[in-house]
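Shown below: run-v7.cif, with mmCIF, C-alpha atoms.
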data_coords
#
loop_
_atom_site.label_atom_id
_atom_site.label_comp_id
_atom_site.auth_asym_id
_atom_site.auth_seq_id
_atom_site.Cartn_x
_atom_site.Cartn_y
_atom_site.Cartn_z
CA MET A 1 8.78 36.25 15.91
CA ASN A 2 10.95 39.07 14.67
CA LYS A 3 8.82 41.28 12.43
CA SER A 4 11.72 43.31 11.03
CA LYS A 5 11.92 43.54 7.23
CA TYR A 6 13.12 40.25 5.79
CA THR A 7 15.65 40.31 2.96
CA PRO A 8 15.69 36.89 1.27
CA LYS A 9 18.94 35.48 -0.04
CA PRO A 10 19.44 35.70 -3.83
CA GLU A 11 18.99 31.95 -4.23
CA LEU A 12 15.69 32.07 -2.35
CA LYS A 13 14.50 34.89 -4.60
CA LEU A 14 15.32 32.72 -7.62
CA LYS A 15 13.42 29.75 -6.17
CA ARG A 16 10.39 31.90 -5.42
CA ALA A 17 10.51 33.45 -8.88
CA SER A 18 10.70 29.97 -10.39
CA ALA A 19 7.70 28.79 -8.36
CA THR A 20 5.72 31.88 -9.36
CA ALA A 21 6.56 31.41 -13.03
CA THR A 22 5.58 27.75 -12.90
CA ILE A 23 2.18 28.44 -11.35
CA ALA A 24 1.51 31.44 -13.60
CA LYS A 25 2.17 29.19 -16.60
CA ALA A 26 -0.05 26.49 -15.12
CA LYS A 27 -2.85 29.02 -14.73
CA ARG A 28 -2.92 29.46 -18.51
CA GLN A 29 -3.21 25.71 -19.00
CA ARG A 30 -5.93 23.21 -18.24
CA LEU A 31 -4.60 21.24 -15.31
CA ALA A 32 -6.09 18.50 -13.19
CA PRO A 33 -7.34 19.92 -9.86
CA GLU A 34 -4.78 17.92 -7.86
CA VAL A 35 -1.94 19.26 -10.00
CA ARG A 36 -3.02 22.86 -9.60
CA ALA A 37 -3.56 22.39 -5.86
CA GLY A 38 -0.07 20.90 -5.61
CA LEU A 39 1.44 23.95 -7.31
CA ILE A 40 -0.32 26.25 -4.85
CA LEU A 41 1.04 24.17 -1.97
CA ASP A 42 4.53 24.40 -3.47
CA CYS A 43 4.30 28.17 -3.39
CA ALA A 44 2.97 28.19 0.19
CA SER A 45 5.84 25.94 1.23
CA LYS A 46 8.45 28.31 -0.19
CA LEU A 47 6.73 31.31 1.35
CA ILE A 48 6.78 29.70 4.80
CA LEU A 49 10.46 28.82 4.47
CA ASP A 50 11.34 32.31 3.25
CA ASP A 51 9.24 34.47 5.58
CA GLY A 52 7.74 32.18 8.22
CA PHE A 53 4.09 32.63 9.22
CA THR A 54 4.26 36.36 9.93
CA GLU A 55 3.17 37.44 6.47
CA ILE A 56 1.36 34.35 5.22
CA SER A 57 -2.21 34.77 4.02
CA MET A 58 -4.36 33.63 1.14
CA GLU A 59 -3.76 37.00 -0.51
CA ARG A 60 0.01 36.70 -0.15
CA ILE A 61 0.06 33.13 -1.46
CA GLY A 62 -2.04 34.17 -4.43
CA ARG A 63 0.22 37.14 -5.16
CA ASP A 64 3.39 35.05 -4.98
CA ALA A 65 1.80 32.26 -7.00
CA GLY A 66 0.52 34.63 -9.66
CA VAL A 67 -3.10 33.52 -9.25
CA SER A 68 -6.20 35.12 -7.78
CA LYS A 69 -7.23 34.67 -4.17
CA ALA A 70 -10.58 33.39 -5.45
CA LEU A 71 -8.83 30.57 -7.32
CA ILE A 72 -7.03 29.47 -4.15
CA TYR A 73 -10.36 29.42 -2.27
CA ASN A 74 -11.67 27.04 -4.91
CA TYR A 75 -9.19 24.47 -3.61
CA PHE A 76 -8.78 25.41 0.05
CA PRO A 77 -11.69 26.89 2.07
CA ASN A 78 -9.35 28.72 4.44
CA LEU A 79 -5.69 29.13 5.36
CA THR A 80 -5.78 26.44 8.05
CA ASP A 81 -7.14 23.94 5.54
CA LEU A 82 -4.37 24.86 3.09
CA LEU A 83 -1.67 24.39 5.74
CA ARG A 84 -3.27 21.11 6.82
CA ALA A 85 -3.08 19.87 3.24
CA LEU A 86 0.57 20.93 3.09
CA LEU A 87 1.45 19.07 6.28
CA GLU A 88 -0.50 16.00 5.19
CA ARG A 89 1.46 16.02 1.94
CA GLU A 90 4.73 16.08 3.87
CA ILE A 91 3.60 13.22 6.12
CA THR A 92 2.50 11.14 3.13
CA ALA A 93 5.77 11.79 1.30
CA LEU A 94 7.73 10.52 4.31
CA GLN A 95 5.56 7.41 4.56
CA VAL A 96 5.97 6.65 0.85
CA ARG A 97 9.75 7.05 1.06
CA GLY A 98 9.79 4.75 4.07
CA LEU A 99 7.84 2.03 2.27
CA GLU A 100 10.20 2.25 -0.69
CA GLU A 101 13.19 1.69 1.59
CA VAL A 102 11.48 -1.23 3.32
CA LYS A 103 10.85 -2.93 -0.03
CA ALA A 104 14.43 -2.37 -1.17
CA ALA A 105 16.07 -3.72 2.02
CA GLU A 106 18.02 -6.97 1.66
CA ASN A 107 18.08 -7.88 5.35
CA PHE A 108 17.29 -6.44 8.78
CA ALA A 109 20.53 -4.48 9.14
CA ASP A 110 20.04 -3.04 5.67
CA LEU A 111 16.44 -2.20 6.57
CA LEU A 112 17.58 -0.22 9.61
CA ARG A 113 20.28 1.57 7.64
CA ARG A 114 17.95 2.52 4.81
CA THR A 115 15.06 3.72 6.96
CA THR A 116 17.30 5.54 9.45
CA ARG A 117 19.19 7.35 6.72
CA MET A 118 16.00 8.16 4.87
CA TYR A 119 14.45 9.75 7.95
CA ILE A 120 17.53 11.79 8.87
CA GLN A 121 17.87 12.96 5.27
CA HIS A 122 14.18 13.88 5.12
CA VAL A 123 14.43 16.00 8.27
CA ALA A 124 17.60 17.63 6.96
CA GLU A 125 15.75 18.63 3.79
CA ARG A 126 12.24 19.33 5.09
CA GLY A 127 12.79 19.91 8.82
CA PRO A 128 12.45 23.73 8.80
CA LEU A 129 9.08 23.49 7.04
CA LEU A 130 7.85 20.62 9.22
CA GLN A 131 8.80 22.37 12.44
CA ARG A 132 6.93 25.51 11.48
CA LEU A 133 3.82 23.60 10.42
CA TRP A 134 3.75 21.44 13.56
CA LYS A 135 3.98 24.56 15.74
CA GLU A 136 0.64 25.75 14.39
CA SER A 137 -1.68 24.07 16.89
CA ALA A 138 -4.80 24.11 14.70
CA VAL A 139 -2.87 22.55 11.83
CA ALA A 140 -1.18 19.96 14.05
CA ARG A 141 -4.50 18.89 15.58
CA SER A 142 -6.07 18.46 12.17
CA VAL A 143 -3.49 15.89 11.04
CA ALA A 144 -2.91 14.16 14.38
CA ASP A 145 -4.97 11.09 13.45
CA VAL A 146 -3.26 10.65 10.08
CA ASP A 147 0.17 10.94 11.66
CA LYS A 148 -0.72 8.51 14.44
CA VAL A 149 -1.95 5.85 12.01
CA GLY A 150 1.31 5.98 10.08
CA HIS A 151 3.38 5.94 13.27
CA ASP A 152 1.47 2.99 14.73
CA GLN A 153 1.85 1.00 11.51
CA ALA A 154 5.60 1.60 11.50
CA VAL A 155 5.92 0.59 15.16
CA THR A 156 3.92 -2.61 14.60
CA TYR A 157 6.08 -3.57 11.62
CA PHE A 158 9.39 -2.95 13.37
CA VAL A 159 8.32 -4.72 16.57
CA LYS A 160 7.46 -7.78 14.49
CA ARG A 161 10.85 -7.67 12.74
CA VAL A 162 12.79 -7.15 15.97
CA ARG A 163 11.02 -10.09 17.62
CA LYS A 164 11.81 -12.29 14.65
CA GLU A 165 15.48 -11.26 14.40
CA TYR A 166 16.33 -11.19 18.10
CA GLY A 167 13.78 -13.46 19.77
CA LEU A 168 12.62 -10.78 22.19
CA PRO A 169 9.38 -10.80 24.18
CA ALA A 170 6.70 -8.47 22.81
CA ASP A 171 6.97 -5.90 25.60
CA ILE A 172 10.78 -5.69 25.38
CA ALA A 173 10.67 -5.44 21.58
CA ALA A 174 8.02 -2.69 21.73
CA ALA A 175 10.06 -0.68 24.24
CA ALA A 176 13.22 -1.13 22.16
CA VAL A 177 11.52 0.05 18.96
CA ASP A 178 10.04 3.07 20.70
CA MET A 179 13.46 4.05 22.03
CA GLN A 180 15.22 3.47 18.71
CA MET A 181 12.70 5.73 16.97
CA SER A 182 13.32 8.42 19.58
CA MET A 183 17.05 8.03 19.00
CA THR A 184 16.64 8.47 15.25
CA GLU A 185 14.49 11.54 15.82
CA THR A 186 17.15 13.01 18.11
CA ALA A 187 19.89 12.36 15.56
CA ALA A 188 17.84 14.10 12.88
CA GLN A 189 17.02 17.11 15.05
CA HIS A 190 20.65 17.54 16.13
CA LEU A 191 22.30 16.88 12.78
CA SER A 192 24.60 19.86 13.35
CA ASN A 193 26.34 17.79 16.04
CA THR A 194 27.70 15.59 13.25
CA HIS A 195 28.65 18.55 11.03
CA ASN A 196 25.42 18.01 9.03
CA ASP A 197 26.85 14.69 7.81
CA VAL A 198 23.82 12.45 7.23
CA ASP A 199 25.95 9.33 6.74
CA LEU A 200 27.85 9.91 9.99
CA ALA A 201 24.65 10.50 11.93
CA THR A 202 23.21 7.31 10.40
CA ASP A 203 26.29 5.27 11.35
CA ILE A 204 26.18 6.47 14.96
CA CYS A 205 22.50 5.61 15.22
CA LEU A 206 22.98 2.16 13.72
CA HIS A 207 25.86 1.25 16.03
CA LEU A 208 23.77 2.24 19.04
CA ILE A 209 20.61 0.50 17.84
CA LEU A 210 22.19 -2.75 16.65
CA GLY A 211 24.51 -2.94 19.63
CA GLY A 212 21.59 -2.40 21.97
CA LEU A 213 19.48 -5.07 20.28
CA ASP A 214 22.33 -7.57 20.52
CA LYS A 215 22.63 -6.89 24.25
CA LEU A 216 18.88 -7.21 24.73
CA SER A 217 18.86 -10.48 22.83
CA ARG A 218 21.48 -11.97 25.12
CA ALA A 219 19.62 -10.75 28.19
CA TYR A 220 16.05 -11.66 27.24
CA ARG A 221 16.07 -14.27 24.46
CA LYS A 222 15.79 -17.20 26.92
CA LYS A 223 12.78 -15.56 28.52
CA ALA A 224 10.92 -15.20 25.24
#
Would you mind giving the structure from this file in structure tokens?
Amino acid sequence: MNKSKYTPKPELKLKRASATATIAKAKRQRLAPEVRAGLILDCASKLILDDGFTEISMERIGRDAGVSKALIYNYFPNLTDLLRALLEREITALQVRGLEEVKAAENFADLLRRTTRMYIQHVAERGPLLQRLWKESAVARSVADVDKVGHDQAVTYFVKRVRKEYGLPADIAAAAVDMQMSMTETAAQHLSNTHNDVDLATDICLHLILGGLDKLSRAYRKKA
């Protein structure tokens, strides 16, 4: 990583100043532990996005947050544990957003549109932070089980829906869902290919997914 002096953009300075002011104010108030921990994670998130991992430390987070290092250690035993909590929070937020879209969907096509757009939008907004956190091997290993549980639950749900909608055998439906998730991930990671247009990327994904499922249904429905 380039260790040359980093000069943050004015808007990033304002965001960091806002985060620092918020946590400094919170320090003077009696807050629930989860609220205070969340504010510390907010500051760590902004620090990672601004400067990457080169300068991150408990001391730096405390300085930027306007709290003592000792206070941070009250919530997080070490830096890896703090980053694990941050990544877990991101994973949970994505899962919650996904469940909300599932509940709001009116039919299968609407379900695919909502969840696909939600995921692409989430990566567009949080991708830089997620990529940096996942690259930290100790952090990634610590949340692997949590991430796998959420992924497996999503796969199971979509396989069930695909089988119901298209009459596909279990193995074909499972393969199709796995590939459609990979396609959505690719669309999110290469959003610049669609001029950072989330709706356009979503439309392309949906045409490919729904068209593919229609073809599979015609090819395999009678064998189900």
So, with all atoms listed in the file as the atoms that count, which of A:Leu168, A:Ala65, A:Ala175, A:Met58 lies closest to Pro77 in chain A?
A:Met58
Just say which residues the PyMOL selection byres ((chain A and resi 199) around 10) picks in this file, as a ChimeraX atom specification.
/A:113,116-117,120-121,194,196-198,200-205
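One finds CA of Lys215 in chain A at 18.5 Å from CA of Ser182 in chain A.
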Translate the PyMOL selection byres ((chain A and resi 95-108) around 10) into a concrete residue list for this structure, as an MDAnalysis selection string.
chainID A and resid 89:94 109:119 122 147 150:151 154 158 161:162 164:165 210
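Listed by chain and then by number, the residues chosen by the PyMOL selection byres ((chain A and resi 81-84) around 10) in this file are Ala37, Ile40, Leu41, Ala44, Ser45, Met58, Ile72, Tyr73, Tyr75, Phe76, Pro77, Asn78, Leu79, Thr80, Ala85, Leu86, Leu87, Glu88, Arg89, Glu90, Leu133, Trp134, Glu136, Ala138, Val139, Ala140, Arg141, Ser142 and Val143 of chain A.
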Can you tell me, as JSON, the centre and edge lengths (Å, one decimal) of the axis-aligned box enclosing all of range 153-159 of chain A's listed atoms after padding each side by 3 Å?
{"center_x": 5.6, "center_y": -1.6, "center_z": 14.0, "size_x": 13.5, "size_y": 12.3, "size_z": 11.1}
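Only residues having an atom at most 12 Å from (20.0, -10.4, 21.9) are included; using all atoms listed in the file, these are A:Val162, A:Arg163, A:Lys164, A:Glu165, A:Tyr166, A:Gly167, A:Leu168, A:Pro169, A:Ile172, A:Ala173, A:Ala176, A:Ile209, A:Leu210, A:Gly211, A:Gly212, A:Leu213, A:Asp214, A:Lys215, A:Leu216, A:Ser217, A:Arg218, A:Ala219, A:Tyr220, A:Arg221, A:Lys222, A:Lys223, A:Ala224.
For the set A:Val149, A:Leu47, A:Leu208, A:Val155, the residue with the smallest atom-to-atom gap to Met181 in chain A is A:Val155, counting all atoms listed in the file.
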Suppose you want the space between CA of Thr186 in chain A and CA of Arg132 in chain A; what is it in Å?
17.5 Å
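When all atoms listed in the file are used to compute distances to Glu34 in chain A, the closest of the residues A:Asp152, A:Glu125, A:Asn74, A:Asp171 turns out to be A:Asn74.
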Which residue out of A:Val67, A:Lys135, A:His195, A:Pro128 has the minimum interatomic distance to Asp51 in chain A when only C-alpha atoms are used?
A:Pro128
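Straight-line separation from CA of Ala188 in chain A to CA of Ile56 in chain A: 27.2 Å.
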